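Engineer: The structure's right below; bear with me while I get my questions together.
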Amino acid sequence: MKNAQAKRYNHALKSAGISEHPVVLLDLDAFDSNLIALRERASGVPIRVASKSLRVRKALERALDEPGFRGVLCFTLAEALWLASHGLRDLVVAYPQTDAEAISRWATSEQAREEVTLMVDTEEQLDLIDRIAPKHGPLKVALELDAAYYPSSNWRIGAARSPLTRPAQVAELAAEVHRRPNFILDGLMGYESQIASVPDGGFSPKALVARNLRQRSAAELAQRRAETVELLRNLGDLRFVNAGGTGSVESTVQEPAVTEIAAGSGLFAPALFDSFRAFRPAPALFLGFPVVRRPDEQTVTILGGGWVASGPSGKDRLPKIEHPKKLRFLALEGAGEVQTPLTGPAAHRIAIGERVWLRHAKAGEPAERVNKVAVYGQGKIIEQWPTYRGEGKAFL
């Protein structure tokens, strides 16, 4: 972020009378630019918006108003039911659920049964739904293929998600779904996190290994996914085959078996997406924290700031300092719960009360900490969009 950009944001917030600390600002021009870029990368394959990467209903709705975007990939059934009540359609819940109240509401609502599909990967999950909501079907379910990469039988690279690793395992569970009158098989999902969320830009040894891994994994997965889809289509029609993520669009759209891409993080463009080789989204979501003290001439302290991202602990999970640029975290303190000291050549120029702008490492997690997002466009704050939390909804 350049000085002029920071000044524009600060001026717009002041003009709008927004003095909250911290403040989360969404640059709508950057968001819209990322919508277009993501659609172009998808090369005509529809994009299902991953709601966990936004957690702002109006941002979801804005994306779905654009050509090329269709449906939502939700993270809980309760969330999907809430979105359906607001008119959103074609809602796929990406994770198996055990919420009895939500399952009952899904099963007993004609609208919910039409719009919501639930992910399963074991017979045990089907049994649980049958116990909670017997004879309310047919209920639409999808199966998840484990899309991790296995260089050897005891070495997994990628997220530990579904136990359905082999095509035959998926087909066996699909046959069980077809045998049960309470269910209908709607689709297949597979999320290749080892491609979609592993940066590969630059020429470091780590980047070179990542590129090699991505290439090998994409080739192996394309074959395994195609075999899985063929077996499932022998049993009946599939409405969708969902795959990929923001970081794997280029390889995933090459697979003929895939009918839609899942993506969402690329719209906010968090810091973890700064180091991908094939694309560079425009940073759109910024976190502003006030300077409240000065321990010494080389150090300023912001209030809060410790919004560390989920995942394996490391420096890449810390917020990224966007402005002023010449600041860094203290090695022995890092990003703190209630205060974060920052040091560097820019520290002596920052006055008490000024904002330091950060970016979160991941896209959707800031929405869990604030009630609203200040939306910047046309040189001013044009709206404030409530987050899920701001609408009184907590889904995890």
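Chain identifiers are assigned as A, B, and so on, following the order in which chains appear in the structure tokens; residues are numbered from 1 within each chain, and ligands are numbered from 1 in order of appearance.
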Residues of region 19-188 of chain A in alpha helix (DSSP H) according to DSSP, as a VMD selection string?
Structural biologist: chain A and resid 28 to 42 57 to 64 77 to 85 100 to 108 110 to 115 123 to 132 167 to 179
Engineer: Might you pull out every residue within 12 Å of Gly17 (chain A), with only C-alpha atoms counted and same-chain residues fewer than 2 positions away left off, and present them as a ChimeraX atom specification?
Structural biologist: /A:10-15,19-20,374,380-381,384
Engineer: Keeping N, CA and C atoms for every residue in the selection just given, could you write it to a file as an mmCIF file, in the first residue's frame?
Structural biologist:
```
data_model
loop_
_atom_site.group_PDB
_atom_site.id
_atom_site.type_symbol
_atom_site.label_atom_id
_atom_site.label_comp_id
_atom_site.auth_asym_id
_atom_site.auth_seq_id
_atom_site.Cartn_x
_atom_site.Cartn_y
_atom_site.Cartn_z
ATOM 1 N N ASN A 10 -7.869 6.688 4.923
ATOM 2 C CA ASN A 10 -8.032 7.409 6.194
ATOM 3 C C ASN A 10 -8.974 8.601 6.042
ATOM 4 N N HIS A 11 -8.821 9.319 4.931
ATOM 5 C CA HIS A 11 -9.685 10.477 4.687
ATOM 6 C C HIS A 11 -11.136 10.035 4.506
ATOM 7 N N ALA A 12 -11.336 8.934 3.776
ATOM 8 C CA ALA A 12 -12.693 8.448 3.545
ATOM 9 C C ALA A 12 -13.357 8.011 4.849
ATOM 10 N N LEU A 13 -12.611 7.342 5.696
ATOM 11 C CA LEU A 13 -13.152 6.913 6.981
ATOM 12 C C LEU A 13 -13.504 8.113 7.858
ATOM 13 N N LYS A 14 -12.616 9.104 7.869
ATOM 14 C CA LYS A 14 -12.884 10.303 8.673
ATOM 15 C C LYS A 14 -14.112 11.039 8.145
ATOM 16 N N SER A 15 -14.232 11.165 6.832
ATOM 17 C CA SER A 15 -15.369 11.865 6.235
ATOM 18 C C SER A 15 -16.682 11.149 6.523
ATOM 19 N N SER A 19 -14.912 5.889 13.261
ATOM 20 C CA SER A 19 -13.751 5.990 14.149
ATOM 21 C C SER A 19 -13.478 4.684 14.883
ATOM 22 N N GLU A 20 -14.172 3.599 14.493
ATOM 23 C CA GLU A 20 -13.977 2.326 15.185
ATOM 24 C C GLU A 20 -12.531 1.855 15.065
ATOM 25 N N ALA A 374 -16.239 -1.673 6.367
ATOM 26 C CA ALA A 374 -16.407 -0.394 5.669
ATOM 27 C C ALA A 374 -16.067 -0.602 4.200
ATOM 28 N N LYS A 380 -14.703 7.176 -1.518
ATOM 29 C CA LYS A 380 -15.393 7.398 -0.249
ATOM 30 C C LYS A 380 -15.926 6.079 0.291
ATOM 31 N N ILE A 381 -16.374 6.107 1.534
ATOM 32 C CA ILE A 381 -17.044 4.951 2.113
ATOM 33 C C ILE A 381 -18.492 4.987 1.646
ATOM 34 N N GLN A 384 -21.585 0.228 4.708
ATOM 35 C CA GLN A 384 -20.979 -0.665 5.689
ATOM 36 C C GLN A 384 -21.748 -1.982 5.644
#
```
Engineer: Which distance in Å separates CA of Tyr376 (chain A) and CA of Ala84 (chain A), to one decimal?
Structural biologist: 27.6 Å
Engineer: Taking only C-alpha atoms into account, name the residue in A:Gly353, A:Gly377, A:Gly336, A:Gly71 that is nearest to Ala50 (chain A).
Structural biologist: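 Of A:Gly353, A:Gly377, A:Gly336, A:Gly71, the one nearest Ala50 (chain A), counting only C-alpha atoms, is A:Gly71.
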Engineer: Extract the full set of strand (DSSP E) residues from region 141-236 of chain A according to DSSP on the backbone, and format it as a PyMOL selection string.
Structural biologist: chain A and resi 141-144+149-152+155-157+183-190
Engineer: For the residues in the current selection, export C-alpha atoms as a PDB file, in the first residue's frame.
Structural biologist:
```
ATOM      1  CA  VAL A 141     -26.010 -35.408  -0.569  1.00  0.00           C
ATOM      2  CA  ALA A 142     -22.612 -35.195  -2.234  1.00  0.00           C
ATOM      3  CA  LEU A 143     -19.523 -37.312  -1.716  1.00  0.00           C
ATOM      4  CA  GLU A 144     -16.011 -36.042  -1.130  1.00  0.00           C
ATOM      5  CA  TYR A 149      -1.297 -36.445  -2.913  1.00  0.00           C
ATOM      6  CA  TYR A 150       0.368 -39.668  -1.754  1.00  0.00           C
ATOM      7  CA  PRO A 151       3.981 -40.013  -2.956  1.00  0.00           C
ATOM      8  CA  SER A 152       4.063 -43.231  -0.920  1.00  0.00           C
ATOM      9  CA  TRP A 155       2.976 -40.107   3.245  1.00  0.00           C
ATOM     10  CA  ARG A 156       0.092 -37.708   2.612  1.00  0.00           C
ATOM     11  CA  ILE A 157       0.590 -34.201   1.218  1.00  0.00           C
ATOM     12  CA  PHE A 183     -31.150 -39.816  -0.143  1.00  0.00           C
ATOM     13  CA  ILE A 184     -30.245 -38.763  -3.644  1.00  0.00           C
ATOM     14  CA  LEU A 185     -26.663 -38.435  -4.880  1.00  0.00           C
ATOM     15  CA  ASP A 186     -26.237 -34.889  -6.165  1.00  0.00           C
ATOM     16  CA  GLY A 187     -22.538 -34.435  -6.759  1.00  0.00           C
ATOM     17  CA  LEU A 188     -18.872 -35.030  -6.026  1.00  0.00           C
ATOM     18  CA  MET A 189     -16.293 -32.763  -4.420  1.00  0.00           C
ATOM     19  CA  GLY A 190     -12.513 -32.895  -4.102  1.00  0.00           C
TER      20      GLY A 190
END
```
Engineer: Using only C-alpha atoms, which protein or nucleic acid residues come within 12 Å of Arg179 (chain A)? Drop anything in the same chain fewer than 6 positions from it, and give the result as number ranges by chain.
Structural biologist: A: 123, 126, 138, 172-173, 185, 235-236
